[in-house]
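The next block is target_36.cif, given as mmCIF, C-alpha atoms and all ligand atoms.
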```cif
data_work
#
loop_
_atom_site.label_atom_id
_atom_site.label_comp_id
_atom_site.auth_asym_id
_atom_site.auth_seq_id
_atom_site.Cartn_x
_atom_site.Cartn_y
_atom_site.Cartn_z
CA MET A 409 0.00 0.00 0.00
CA THR A 410 1.26 3.42 -0.86
CA SER A 411 0.11 6.79 0.38
CA GLU A 412 2.56 9.29 -1.10
CA LYS A 413 0.47 12.02 -2.74
CA VAL A 414 2.19 14.32 -5.20
CA GLU A 415 -0.05 17.11 -6.53
CA ILE A 416 1.90 19.02 -9.17
CA VAL A 417 -0.78 21.62 -9.88
CA LYS A 418 -4.34 21.50 -8.68
CA GLY A 419 -5.86 18.18 -9.70
CA VAL A 420 -2.77 16.87 -11.52
CA TYR A 421 -1.01 14.08 -9.61
CA TRP A 422 2.10 11.99 -10.11
CA VAL A 423 0.99 8.36 -9.69
CA GLY A 424 4.00 6.46 -11.04
CA ALA A 425 6.11 3.61 -9.74
CA ILE A 426 9.56 3.75 -8.18
CA ASP A 427 12.02 1.00 -9.05
CA TRP A 428 14.54 1.38 -6.24
CA THR A 429 16.64 -1.64 -7.20
CA LEU A 430 16.89 -1.11 -10.97
CA ARG A 431 20.56 -1.19 -11.97
CA ASP A 432 20.35 -1.91 -15.66
CA PHE A 433 17.60 -0.38 -17.81
CA HIS A 434 17.93 -2.41 -21.02
CA GLY A 435 21.66 -1.69 -21.09
CA LEU A 436 21.59 1.80 -19.59
CA TRP A 437 23.52 1.80 -16.33
CA THR A 438 21.19 3.00 -13.57
CA PRO A 439 23.17 2.91 -10.31
CA ARG A 440 20.48 4.93 -8.55
CA GLY A 441 17.40 3.02 -9.72
CA GLY A 442 14.62 4.48 -11.82
CA THR A 443 10.98 5.48 -12.06
CA TYR A 444 8.09 4.99 -14.44
CA ASN A 445 5.92 8.06 -14.20
CA ALA A 446 2.20 8.18 -14.83
CA TYR A 447 0.02 11.21 -14.16
CA LEU A 448 -3.59 11.45 -13.06
CA ILE A 449 -5.74 14.44 -14.00
CA ILE A 450 -8.86 15.05 -11.93
CA ASP A 451 -11.34 17.23 -13.84
CA GLU A 452 -14.82 16.67 -15.24
CA LYS A 453 -13.13 13.87 -17.15
CA ILE A 454 -10.67 11.69 -15.25
CA THR A 455 -7.51 11.01 -17.23
CA LEU A 456 -4.39 8.91 -16.78
CA ILE A 457 -1.29 9.81 -18.78
CA ASP A 458 0.87 6.75 -19.58
CA THR A 459 1.26 3.68 -17.38
CA VAL A 460 4.22 1.80 -15.89
CA ALA A 461 6.62 -1.09 -16.53
CA PRO A 462 5.93 -4.81 -16.10
CA ASN A 463 5.33 -5.80 -12.45
CA PHE A 464 4.40 -2.28 -11.36
CA SER A 465 0.68 -2.20 -12.22
CA LYS A 466 -0.30 -2.75 -8.58
CA GLU A 467 1.77 0.22 -7.40
CA LEU A 468 0.16 2.39 -10.08
CA ILE A 469 -3.38 1.28 -9.23
CA ASP A 470 -2.72 1.66 -5.48
CA ARG A 471 -1.52 5.23 -6.00
CA ILE A 472 -4.52 6.11 -8.16
CA SER A 473 -6.84 4.56 -5.56
CA THR A 474 -5.57 6.91 -2.83
CA ILE A 475 -6.90 9.78 -4.97
CA ILE A 476 -9.93 8.40 -6.80
CA ASP A 477 -11.72 5.15 -7.59
CA PRO A 478 -9.96 3.92 -10.77
CA ALA A 479 -13.35 2.86 -12.15
CA LYS A 480 -14.06 6.56 -12.70
CA ILE A 481 -11.24 6.97 -15.24
CA ASP A 482 -12.52 8.16 -18.65
CA TYR A 483 -9.30 8.40 -20.65
CA LEU A 484 -6.06 6.48 -20.70
CA ILE A 485 -3.59 8.49 -22.77
CA CYS A 486 -1.00 6.29 -24.46
CA GLN A 487 1.86 8.52 -25.59
CA HIS A 488 4.41 5.79 -26.28
CA VAL A 489 3.98 2.03 -26.66
CA GLU A 490 7.36 0.87 -25.35
CA PRO A 491 6.60 -1.72 -22.62
CA ASP A 492 7.94 0.45 -19.77
CA HIS A 493 4.90 2.69 -20.33
CA SER A 494 2.28 0.51 -21.95
CA THR A 495 2.37 -2.79 -20.08
CA SER A 496 -0.30 -1.78 -17.56
CA TYR A 497 -3.04 -0.77 -20.00
CA ALA A 498 -4.50 -4.27 -19.90
CA ASP A 499 -4.52 -4.19 -16.07
CA MET A 500 -5.93 -0.66 -16.06
CA LEU A 501 -8.83 -1.68 -18.30
CA LYS A 502 -9.81 -4.31 -15.71
CA VAL A 503 -10.21 -1.64 -13.01
CA ALA A 504 -11.32 1.17 -15.33
CA PRO A 505 -13.85 -0.59 -17.58
CA LYS A 506 -15.36 2.55 -19.11
CA ALA A 507 -11.98 4.08 -20.07
CA LYS A 508 -10.99 4.76 -23.67
CA ILE A 509 -7.38 4.59 -24.78
CA ILE A 510 -6.32 7.76 -26.57
CA THR A 511 -3.32 7.37 -28.86
CA SER A 512 -1.85 8.23 -32.25
CA MET A 513 -2.56 6.21 -35.39
CA ARG A 514 0.78 4.41 -35.09
CA GLY A 515 0.25 4.09 -31.34
CA ALA A 516 -2.92 2.08 -32.07
CA GLU A 517 -1.06 -0.13 -34.54
CA PHE A 518 1.86 -0.66 -32.13
CA LEU A 519 -0.44 -1.44 -29.17
CA GLU A 520 -2.30 -4.11 -31.12
CA LYS A 521 0.93 -5.67 -32.38
CA SER A 522 2.60 -5.52 -28.95
CA TYR A 523 -0.25 -7.13 -27.02
CA PRO A 524 -1.80 -9.69 -29.36
CA GLY A 525 -5.15 -10.89 -28.12
CA VAL A 526 -5.90 -7.83 -25.96
CA LYS A 527 -8.88 -5.81 -27.16
CA PHE A 528 -8.12 -2.15 -26.62
CA PRO A 529 -10.96 0.41 -26.78
CA ILE A 530 -8.92 2.87 -28.82
CA LYS A 531 -9.70 6.40 -29.96
CA ILE A 532 -7.10 7.72 -32.41
CA VAL A 533 -6.18 11.40 -32.15
CA GLU A 534 -4.63 13.57 -34.84
CA ASP A 535 -1.48 15.59 -34.48
CA GLY A 536 -2.38 18.98 -32.98
CA SER A 537 -5.88 17.98 -31.88
CA SER A 538 -7.26 18.87 -28.46
CA LEU A 539 -9.32 17.00 -25.93
CA GLY A 540 -11.43 18.92 -23.41
CA LEU A 541 -11.35 17.52 -19.90
CA GLY A 542 -13.54 20.16 -18.19
CA LYS A 543 -11.65 23.15 -16.86
CA ARG A 544 -8.49 21.92 -18.57
CA SER A 545 -7.62 20.37 -21.92
CA LEU A 546 -4.86 18.43 -23.61
CA THR A 547 -3.32 19.16 -27.00
CA PHE A 548 -1.55 16.19 -28.57
CA VAL A 549 1.67 16.83 -30.42
CA GLN A 550 3.27 14.00 -32.33
CA ILE A 551 7.04 13.88 -32.02
CA PRO A 552 7.97 10.95 -34.25
CA MET A 553 11.33 9.30 -33.53
CA VAL A 554 11.76 10.89 -30.10
CA HIS A 555 12.45 8.08 -29.75
CA TRP A 556 9.89 5.79 -31.44
CA PRO A 557 7.72 6.62 -34.47
CA GLU A 558 4.39 6.60 -32.61
CA THR A 559 5.46 8.93 -29.80
CA MET A 560 3.36 11.93 -28.86
CA ILE A 561 3.38 14.41 -26.01
CA SER A 562 0.41 16.10 -24.37
CA TYR A 563 0.27 19.81 -23.58
CA MET A 564 -2.09 21.32 -21.04
CA PRO A 565 -2.30 25.01 -22.03
CA GLU A 566 -4.27 26.10 -18.94
CA GLU A 567 -1.30 25.11 -16.72
CA GLN A 568 1.47 25.59 -19.33
CA LEU A 569 2.41 22.03 -18.53
CA VAL A 570 3.64 19.32 -20.87
CA PHE A 571 3.63 15.57 -20.37
CA SER A 572 6.80 14.92 -22.34
CA ASN A 573 7.07 11.12 -22.07
CA ASP A 574 10.70 9.92 -22.51
CA ALA A 575 11.94 13.40 -23.48
CA PHE A 576 13.57 15.22 -20.54
CA GLY A 577 13.57 11.93 -18.64
CA MET A 578 16.30 10.22 -16.64
CA GLN A 579 16.53 7.04 -14.63
CA ILE A 580 16.93 7.82 -10.96
CA ALA A 581 14.95 6.63 -7.96
CA SER A 582 14.74 9.29 -5.30
CA PRO A 583 12.53 10.28 -2.41
CA TYR A 584 12.01 13.56 -4.27
CA ARG A 585 9.69 14.10 -7.21
CA TYR A 586 11.07 17.43 -8.47
CA ALA A 587 14.40 18.04 -10.19
CA ASP A 588 15.06 21.15 -8.08
CA GLN A 589 15.16 18.90 -5.01
CA ILE A 590 17.95 16.78 -6.51
CA ASP A 591 21.45 18.26 -6.76
CA ASP A 592 23.17 15.96 -9.18
CA TRP A 593 20.75 15.29 -12.00
CA TYR A 594 23.11 16.27 -14.83
CA GLU A 595 24.89 12.93 -15.31
CA PRO A 596 21.77 10.74 -15.15
CA LEU A 597 20.00 13.09 -17.58
CA ARG A 598 23.01 13.01 -19.91
CA ALA A 599 23.32 9.22 -19.68
CA TYR A 600 19.65 8.78 -20.54
CA TYR A 601 19.87 11.25 -23.41
CA SER A 602 23.04 9.78 -24.90
CA TYR A 603 21.85 6.18 -24.63
CA ILE A 604 18.24 6.61 -25.71
CA VAL A 605 17.74 9.91 -27.50
CA ARG A 606 20.94 11.17 -29.15
CA TRP A 607 20.69 8.83 -32.16
CA ASN A 608 17.47 10.71 -33.01
CA ALA A 609 18.82 14.20 -32.31
CA ALA A 610 17.42 15.54 -35.59
CA ALA A 611 13.93 14.45 -34.51
CA VAL A 612 14.40 16.30 -31.20
CA LEU A 613 15.25 19.50 -33.08
CA LYS A 614 12.14 19.03 -35.27
CA ALA A 615 10.04 18.56 -32.14
CA PHE A 616 11.48 21.77 -30.67
CA LYS A 617 10.47 23.63 -33.85
CA LYS A 618 6.94 22.29 -33.49
CA ILE A 619 6.50 23.69 -29.99
CA GLU A 620 8.47 26.91 -30.56
CA GLY A 621 6.91 29.83 -28.69
CA VAL A 622 4.62 27.60 -26.61
CA PRO A 623 4.79 28.85 -23.01
CA LEU A 624 6.12 26.20 -20.67
CA LYS A 625 6.21 26.21 -16.88
CA ILE A 626 6.27 22.52 -16.02
CA ILE A 627 7.66 19.44 -17.77
CA CYS A 628 6.40 16.05 -16.58
CA PRO A 629 8.54 13.30 -18.14
CA SER A 630 7.90 9.57 -17.96
CA HIS A 631 11.13 8.84 -16.04
CA GLY A 632 12.77 10.65 -13.16
CA PRO A 633 11.90 13.97 -11.58
CA ILE A 634 9.50 16.68 -12.74
CA TRP A 635 10.90 19.99 -14.00
CA ARG A 636 9.20 23.06 -12.52
CA LYS A 637 12.11 25.52 -12.23
CA ASN A 638 14.70 26.77 -14.73
CA ILE A 639 12.73 25.36 -17.65
CA ASP A 640 14.82 27.44 -20.07
CA GLN A 641 18.01 25.87 -18.71
CA ILE A 642 16.81 22.32 -19.23
CA THR A 643 15.41 22.96 -22.71
CA GLU A 644 18.68 24.70 -23.60
CA ILE A 645 20.70 21.64 -22.48
CA TYR A 646 18.48 19.38 -24.58
CA HIS A 647 18.86 21.68 -27.54
CA ARG A 648 22.65 21.73 -27.18
CA TRP A 649 22.90 17.94 -26.87
CA SER A 650 20.74 17.61 -29.99
CA SER A 651 22.81 20.04 -32.07
CA SER A 652 26.46 20.11 -30.94
CA PRO A 653 27.06 18.42 -27.59
CA GLU A 654 30.87 18.61 -27.76
CA LYS A 655 32.79 20.50 -25.08
CA GLU A 656 36.50 21.23 -24.83
CA GLN A 657 37.26 17.85 -23.32
CA ALA A 658 38.40 14.37 -24.30
CA VAL A 659 37.79 10.81 -23.28
CA VAL A 660 40.10 7.80 -23.45
CA VAL A 661 38.51 4.34 -23.41
CA TYR A 662 40.34 1.04 -23.57
CA SER A 663 40.35 -2.68 -22.89
CA THR A 664 43.32 -4.85 -22.12
CA ILE A 665 44.26 -8.33 -20.97
CA TRP A 666 47.88 -7.94 -19.82
CA LYS A 667 47.80 -4.15 -19.15
CA SER A 668 50.09 -2.88 -21.92
CA THR A 669 47.17 -1.06 -23.54
CA LYS A 670 46.27 0.31 -20.11
CA GLN A 671 49.75 1.82 -19.74
CA MET A 672 49.35 3.41 -23.17
CA ALA A 673 45.89 4.75 -22.23
CA TYR A 674 47.18 6.50 -19.11
CA ALA A 675 50.14 8.02 -20.96
CA ILE A 676 47.83 9.33 -23.70
CA ARG A 677 45.45 10.73 -21.08
CA GLU A 678 48.36 12.53 -19.40
CA GLY A 679 49.40 13.99 -22.72
CA ILE A 680 45.92 15.35 -23.41
CA ALA A 681 45.62 16.79 -19.90
CA SER A 682 49.11 18.35 -20.15
CA VAL A 683 47.89 20.83 -22.76
CA GLY A 684 44.97 21.86 -20.56
CA VAL A 685 42.17 19.68 -21.95
CA PRO A 686 40.26 17.70 -19.30
CA ALA A 687 40.42 14.02 -20.19
CA ASP A 688 38.37 11.23 -18.67
CA ILE A 689 39.41 7.57 -18.83
CA TYR A 690 37.34 4.37 -18.81
CA ASN A 691 38.35 0.74 -18.70
CA LEU A 692 35.56 -0.72 -20.81
CA GLU A 693 35.84 -4.11 -19.18
CA GLU A 694 34.96 -2.69 -15.79
CA GLU A 695 32.35 -0.13 -16.78
CA TYR A 696 28.88 -0.19 -18.16
CA LEU A 697 29.42 0.83 -21.76
CA SER A 698 26.58 3.35 -21.48
CA ARG A 699 28.54 5.24 -18.81
CA ALA A 700 31.50 5.75 -21.13
CA GLN A 701 29.05 6.64 -23.89
CA GLY A 702 27.62 9.52 -21.82
CA ALA A 703 31.11 10.95 -21.38
CA ALA A 704 31.94 10.39 -25.05
CA MET A 705 28.90 12.38 -26.14
CA GLU A 706 30.27 15.59 -24.64
CA ALA A 707 33.91 14.90 -25.56
CA LYS A 708 35.42 16.61 -28.58
CA ALA A 709 38.00 13.83 -28.91
CA VAL A 710 37.33 10.14 -28.37
CA VAL A 711 40.44 7.96 -28.13
CA VAL A 712 39.71 4.23 -28.36
CA GLY A 713 42.19 1.60 -27.30
CA ALA A 714 42.25 -2.18 -27.55
CA MET A 715 44.79 -4.95 -27.45
CA THR A 716 44.73 -7.17 -30.53
CA TYR A 717 42.74 -10.32 -29.88
CA ASN A 718 42.71 -12.75 -32.81
CA ILE A 719 43.42 -9.95 -35.31
CA ASP A 720 40.56 -7.87 -33.87
CA PRO A 721 40.00 -5.31 -31.10
CA TYR A 722 39.47 -7.04 -27.74
CA TYR A 723 35.77 -7.63 -27.09
CA PRO A 724 34.94 -4.79 -24.64
CA THR A 725 36.21 -2.14 -27.06
CA ALA A 726 34.62 -3.90 -30.03
CA ALA A 727 31.35 -3.88 -28.12
CA PHE A 728 31.69 -0.18 -27.35
CA MET A 729 31.99 0.89 -30.98
CA PRO A 730 28.23 0.80 -31.76
CA TYR A 731 27.69 3.04 -28.71
CA LEU A 732 30.01 5.55 -30.38
CA LYS A 733 28.26 5.21 -33.71
CA HIS A 734 24.88 5.91 -32.10
CA LEU A 735 26.15 9.24 -30.80
CA ARG A 736 26.34 10.43 -34.44
CA PRO A 737 29.91 11.59 -33.80
CA THR A 738 30.31 13.70 -36.93
CA SER A 739 31.91 16.63 -35.08
CA LYS A 740 34.45 14.61 -33.14
CA ILE A 741 38.14 13.87 -33.41
CA GLY A 742 38.91 10.15 -33.23
CA ALA A 743 42.07 8.14 -32.60
CA ALA A 744 42.89 4.50 -31.94
CA PHE A 745 45.74 2.85 -30.04
CA GLY A 746 46.70 -0.50 -28.61
CA SER A 747 49.26 -3.17 -27.93
CA TYR A 748 49.71 -6.21 -30.16
CA GLY A 749 51.99 -9.25 -30.25
CA TRP A 750 52.76 -10.12 -33.86
CA GLY A 751 50.53 -9.21 -36.85
CA GLY A 752 48.34 -6.71 -34.94
CA GLY A 753 44.96 -5.63 -36.34
CA ALA A 754 42.96 -3.99 -33.53
CA THR A 755 43.81 -0.37 -34.30
CA LYS A 756 43.32 -0.86 -38.02
CA VAL A 757 39.76 -2.08 -37.44
CA LEU A 758 39.04 0.70 -34.93
CA THR A 759 40.45 3.42 -37.20
CA GLN A 760 38.29 2.23 -40.10
CA GLN A 761 35.24 2.23 -37.84
CA LEU A 762 35.91 5.80 -36.67
CA LYS A 763 36.05 6.79 -40.34
CA ASP A 764 32.88 4.85 -41.14
CA PHE A 765 31.09 6.62 -38.29
CA LYS A 766 32.08 9.91 -39.97
CA PHE A 767 34.26 11.34 -37.25
CA SER A 768 35.28 14.75 -38.56
CA GLU A 769 38.96 13.88 -38.18
CA VAL A 770 40.67 10.54 -37.56
CA LEU A 771 44.34 10.36 -36.59
CA GLU A 772 46.79 7.68 -37.71
CA PRO A 773 46.65 4.89 -35.08
CA LEU A 774 49.33 4.32 -32.46
CA ASP A 775 50.60 0.74 -31.99
CA VAL A 776 53.04 -0.80 -29.54
CA GLN A 777 54.40 -4.36 -29.78
CA PHE A 778 53.92 -6.18 -26.47
CA ARG A 779 55.00 -4.11 -23.42
CA PRO A 780 55.54 -0.37 -24.00
CA THR A 781 59.08 0.90 -23.37
CA GLU A 782 59.81 4.31 -21.85
CA GLU A 783 60.26 5.54 -25.42
CA ASP A 784 56.85 4.09 -26.40
CA LEU A 785 55.18 5.77 -23.44
CA LYS A 786 56.74 9.06 -24.48
CA ARG A 787 55.22 8.54 -27.94
CA CYS A 788 51.84 7.90 -26.27
CA PHE A 789 52.18 11.08 -24.22
CA GLU A 790 53.00 13.07 -27.35
CA TYR A 791 50.09 11.45 -29.18
CA GLY A 792 47.87 12.69 -26.35
CA GLN A 793 49.37 16.16 -26.65
CA GLU A 794 48.62 16.22 -30.36
CA ILE A 795 45.00 15.20 -29.67
CA GLY A 796 44.72 17.79 -26.91
CA ARG A 797 46.01 20.54 -29.19
CA LYS A 798 43.49 19.61 -31.85
CA VAL A 799 40.70 19.86 -29.27
CA LYS A 800 41.98 23.29 -28.21
CA ALA A 801 42.20 24.44 -31.81
CA ALA A 802 38.59 23.39 -32.45
CA PHE A 803 37.42 25.82 -29.76
CA SER A 804 39.69 28.77 -30.48
C1 LIG A 901 43.77 -14.70 -26.83
C2 LIG A 901 44.79 -13.81 -27.45
C3 LIG A 901 44.79 -13.61 -28.81
C4 LIG A 901 45.73 -12.79 -29.41
N1 LIG A 901 45.69 -12.59 -30.76
C5 LIG A 901 46.61 -11.78 -31.34
C6 LIG A 901 46.60 -11.56 -32.76
O1 LIG A 901 45.77 -12.09 -33.48
N2 LIG A 901 47.51 -10.70 -33.29
C7 LIG A 901 48.45 -10.07 -32.52
O2 LIG A 901 49.21 -9.27 -33.03
N3 LIG A 901 48.51 -10.30 -31.18
C8 LIG A 901 47.61 -11.13 -30.59
N4 LIG A 901 47.66 -11.34 -29.24
C9 LIG A 901 48.76 -10.76 -28.46
C10 LIG A 901 48.36 -9.51 -27.72
O3 LIG A 901 47.78 -8.57 -28.60
C11 LIG A 901 49.57 -8.94 -27.01
O4 LIG A 901 49.96 -9.85 -25.99
C12 LIG A 901 49.35 -7.55 -26.43
O5 LIG A 901 50.57 -7.03 -25.95
C13 LIG A 901 48.36 -7.58 -25.26
O6 LIG A 901 48.08 -6.29 -24.86
P1 LIG A 901 47.50 -6.00 -23.38
O7 LIG A 901 48.65 -6.15 -22.44
O8 LIG A 901 46.99 -4.61 -23.47
O9 LIG A 901 46.43 -7.03 -23.12
C14 LIG A 901 46.72 -12.16 -28.62
C15 LIG A 901 46.71 -12.37 -27.24
C16 LIG A 901 45.74 -13.15 -26.65
C17 LIG A 901 45.77 -13.31 -25.16
FE FE A 902 10.93 4.71 -24.67
FE FE A 903 10.58 5.10 -21.28
#
```

Just give me the structure of the file as structure tokens.
Ligand SMILES: Cc1cc2nc3c(=O)[nH]c(=O)nc-3n(C[C@H](O)[C@H](O)[C@H](O)COP(=O)(O)O)c2cc1C
Ligand SMILES: [Fe+2]
Ligand SMILES: [Fe+2]
Amino acid sequence: MTSEKVEIVKGVYWVGAIDWTLRDFHGLWTPRGGTYNAYLIIDEKITLIDTVAPNFSKELIDRISTIIDPAKIDYLICQHVEPDHSTSYADMLKVAPKAKIITSMRGAEFLEKSYPGVKFPIKIVEDGSSLGLGKRSLTFVQIPMVHWPETMISYMPEEQLVFSNDAFGMQIASPYRYADQIDDWYEPLRAYYSYIVRWNAAAVLKAFKKIEGVPLKIICPSHGPIWRKNIDQITEIYHRWSSSPEKEQAVVVYSTIWKSTKQMAYAIREGIASVGVPADIYNLEEEYLSRAQGAAMEAKAVVVGAMTYNIDPYYPTAAFMPYLKHLRPTSKIGAAFGSYGWGGGATKVLTQQLKDFKFSEVLEPLDVQFRPTEEDLKRCFEYGQEIGRKVKAAFS
């Protein structure tokens, strides 16, 4: 039983579920858990925006029940059919038998294909159409590919409030429901954006164009805290990440078996830092790849290292490369390094991948046979300096 009541504005409640023990959200590292947010609007019509992930229907229904009898719900708004938001519609229909599901045309198609055998009482709404709820209303805005094709958001003009679904979301479980009560939201927001949204950055910019000039006081996303202060700051961050996220910084990532490549990585990192460019470093074998991806998104230079393993980059680095690709790294400097034993191969593969991903500049790779000597480590340091200088030049 739950009794936490969160009234955002009069008659609009957060009724989501908190997943305190979530550590891996389909590959996104979530060391602080996560939430699935749903929102209940009490007006002449009773409306639920989105639902929650598998196994959380009871928490959702319990929260709704502390506010109103779920049987009174008229509308279930389905903004996005991914299972973390749509799994509970079938359970909701059992307790809210008169409710209609409001969704986009593709939302209807996706719901039927995702839950074969379930009969959904669906009403399809057009892009830009409005639904009166009594004193308040909702305007539906389709934002295809942020981050699925059927996605829409719902704007309540009377409160200047938007239910933004996955946009502006992050995975973090917290006793607080508002972002201004949480100090360190930047990294979880960035991780969520880079892992789930950045691939579709162009769609985010299109969505921004669609809502240009619309007054906004409150953003209610489907994950993490609600934004009610500094709305301009958060929309500005999203805009920057969607256009050019790079800052004057670098990241070195690597994987190694016998630590030669690690020695190279640290020497390169020192070289970059020595010219005044902050450089982060990640051992990809020990980290969630999504964590390094978040750092790579904001780095101007991404330096990837791997020992050669059967003519290829060692698995952790090989596995990281699609994460880089999905950042759309077309404004980044790339470089590859690593230790090999005889024929080598890792850095050749990595360098070609950086080129294929359309890095704006790719350096010649740096190889060391077996254990780096002092002379080799000096070369690594200088390689880092060269990368650092290129980063500096890009910002001057
Ligand atoms: C399972 C395995 C496969 C390897 N395959 C190759 C190879 O195909 N070509 C090559 O040049 N070196 C190969 N090596 C040698 C390593 O690349 C070499 O020992 C390197 O110095 C290891 O770097 P590290 O200390 O960063 O792990 C292989 C080593 C291991 C353990
Ligand atoms: Fe999603
Ligand atoms: Fe989601």

Self-check item: 9 Å contact set for His734 in chain A, only C-alpha atoms, chain neighbours under 2 positions out, as a ChimeraX atom specification
Solution: /A:602-603,606-608,729-732,736-737,765

For ligand FE 903 (chain A), the closest of A:Tyr723, A:Tyr717, A:Trp666, A:Phe576 counting all atoms listed in the file is A:Phe576

Name all residues at most 12 Å from Leu436 in chain A (count all atoms listed in the file; drop same-chain ones fewer than 5 positions away) and give them as a CSV table (one decimal) with C-alpha atoms, keeping the file's coordinate frame.
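To be explicit, this is the file written out as around_10.csv:
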```
chain,number,residue,atom,x,y,z
A,430,LEU,CA,16.9,-1.1,-11.0
A,431,ARG,CA,20.6,-1.2,-12.0
A,441,GLY,CA,17.4,3.0,-9.7
A,442,GLY,CA,14.6,4.5,-11.8
A,578,MET,CA,16.3,10.2,-16.6
A,579,GLN,CA,16.5,7.0,-14.6
A,580,ILE,CA,16.9,7.8,-11.0
A,596,PRO,CA,21.8,10.7,-15.2
A,597,LEU,CA,20.0,13.1,-17.6
A,598,ARG,CA,23.0,13.0,-19.9
A,599,ALA,CA,23.3,9.2,-19.7
A,600,TYR,CA,19.6,8.8,-20.5
A,601,TYR,CA,19.9,11.2,-23.4
A,602,SER,CA,23.0,9.8,-24.9
A,603,TYR,CA,21.8,6.2,-24.6
A,604,ILE,CA,18.2,6.6,-25.7
A,605,VAL,CA,17.7,9.9,-27.5
A,695,GLU,CA,32.4,-0.1,-16.8
A,696,TYR,CA,28.9,-0.2,-18.2
A,697,LEU,CA,29.4,0.8,-21.8
A,698,SER,CA,26.6,3.4,-21.5
A,699,ARG,CA,28.5,5.2,-18.8
A,700,ALA,CA,31.5,5.8,-21.1
A,701,GLN,CA,29.0,6.6,-23.9
A,702,GLY,CA,27.6,9.5,-21.8
A,731,TYR,CA,27.7,3.0,-28.7
```

Counting only C-alpha atoms and all ligand atoms, what are the residues of chain A within 7 Å of ligand FE 902 (chain A), and for each of them which pair of atoms is the nearest and at what distance in Å, to one decimal? Sort the table by chain and rising number, as a Markdown table.
```
| residue | atom | partner | partner_atom | distance |
| --- | --- | --- | --- | --- |
| A:His488 | CA | A:FE902 | FE | 6.8 |
| A:Glu490 | CA | A:FE902 | FE | 5.3 |
| A:His555 | CA | A:FE902 | FE | 6.3 |
| A:Trp556 | CA | A:FE902 | FE | 6.9 |
| A:Asp574 | CA | A:FE902 | FE | 5.6 |
```

Margin query: Residues within 9 Å of (52.6, -8.8, -26.6), file coordinates, counting all atoms listed in the file: what are they? Give the list as a VMD selection string.
Written below: chain A and resid 666 668 715 to 716 747 to 750 776 to 779

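Our summary of the geometry notes that CA of Ile476 in chain A is positioned 21.8 Å from CA of Ser562 in chain A.
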
Check: Which one is closest to Lys618 in chain A: A:Pro478, A:Pro721, A:Gly679, A:Gly536? Count all atoms listed in the file.
Finding: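 When distances to Lys618 in chain A are compared using all atoms listed in the file, the smallest one comes from A:Gly536.
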
Using all atoms listed in the file for the distances, tell me which of A:Thr459, A:Ser630, A:Asn718, A:Thr559 is nearest to ligand LIG 901 (chain A).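 Ranked by minimum distance to ligand LIG 901 (chain A), first place goes to A:Asn718.
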
Inset, instruction - Pick out the residues sitting within 7 Å of Ala658 in chain A, and hand them over as a count of residues only; count all atoms listed in the file, and ignore anything fewer than 5 positions along from it in its own chain. - result: 8

Within 6 Å of range 443-457 of chain A, which residues of range 560-677 of chain A come that close, and what is the closest atom pair and distance in Å for each? Count all atoms listed in the file and give it as JSON lines.
```
{"residue": "A:Ala581", "atom": "CA", "partner": "A:Thr443", "partner_atom": "CA", "distance": 5.8}
{"residue": "A:Ser630", "atom": "CA", "partner": "A:Asn445", "partner_atom": "CA", "distance": 4.5}
{"residue": "A:His631", "atom": "CA", "partner": "A:Tyr444", "partner_atom": "CA", "distance": 5.2}
{"residue": "A:Gly632", "atom": "CA", "partner": "A:Thr443", "partner_atom": "CA", "distance": 5.6}
```

Expressed in Å to a single decimal, how great is the separation between CA of Pro505 in chain A and CA of Ile530 in chain A?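 Spanning CA of Pro505 in chain A to CA of Ile530 in chain A is a straight-line distance of 12.8 Å.
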
N, CA and C atoms restored at range 515-522 of chain A, emitted as a PDB file, in the coordinates of the input:
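As a result, rebuild_38.pdb now contains:
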```pdb
ATOM      1  N   GLY A 515       0.369   4.604 -32.704  1.00  0.00           N
ATOM      2  CA  GLY A 515       0.250   4.090 -31.340  1.00  0.00           C
ATOM      3  C   GLY A 515      -0.754   2.936 -31.312  1.00  0.00           C
ATOM      4  N   ALA A 516      -1.885   3.121 -32.012  1.00  0.00           N
ATOM      5  CA  ALA A 516      -2.920   2.080 -32.070  1.00  0.00           C
ATOM      6  C   ALA A 516      -2.353   0.815 -32.713  1.00  0.00           C
ATOM      7  N   GLU A 517      -1.649   1.017 -33.823  1.00  0.00           N
ATOM      8  CA  GLU A 517      -1.060  -0.130 -34.540  1.00  0.00           C
ATOM      9  C   GLU A 517      -0.049  -0.853 -33.635  1.00  0.00           C
ATOM     10  N   PHE A 518       0.810  -0.072 -32.969  1.00  0.00           N
ATOM     11  CA  PHE A 518       1.860  -0.660 -32.130  1.00  0.00           C
ATOM     12  C   PHE A 518       1.255  -1.386 -30.924  1.00  0.00           C
ATOM     13  N   LEU A 519       0.196  -0.803 -30.332  1.00  0.00           N
ATOM     14  CA  LEU A 519      -0.440  -1.440 -29.170  1.00  0.00           C
ATOM     15  C   LEU A 519      -0.988  -2.814 -29.565  1.00  0.00           C
ATOM     16  N   GLU A 520      -1.695  -2.839 -30.705  1.00  0.00           N
ATOM     17  CA  GLU A 520      -2.300  -4.110 -31.120  1.00  0.00           C
ATOM     18  C   GLU A 520      -1.233  -5.158 -31.422  1.00  0.00           C
ATOM     19  N   LYS A 521      -0.135  -4.706 -32.020  1.00  0.00           N
ATOM     20  CA  LYS A 521       0.930  -5.670 -32.380  1.00  0.00           C
ATOM     21  C   LYS A 521       1.771  -6.073 -31.162  1.00  0.00           C
ATOM     22  N   SER A 522       1.792  -5.221 -30.142  1.00  0.00           N
ATOM     23  CA  SER A 522       2.600  -5.520 -28.950  1.00  0.00           C
ATOM     24  C   SER A 522       1.878  -6.409 -27.964  1.00  0.00           C
TER      25      SER A 522
END
```
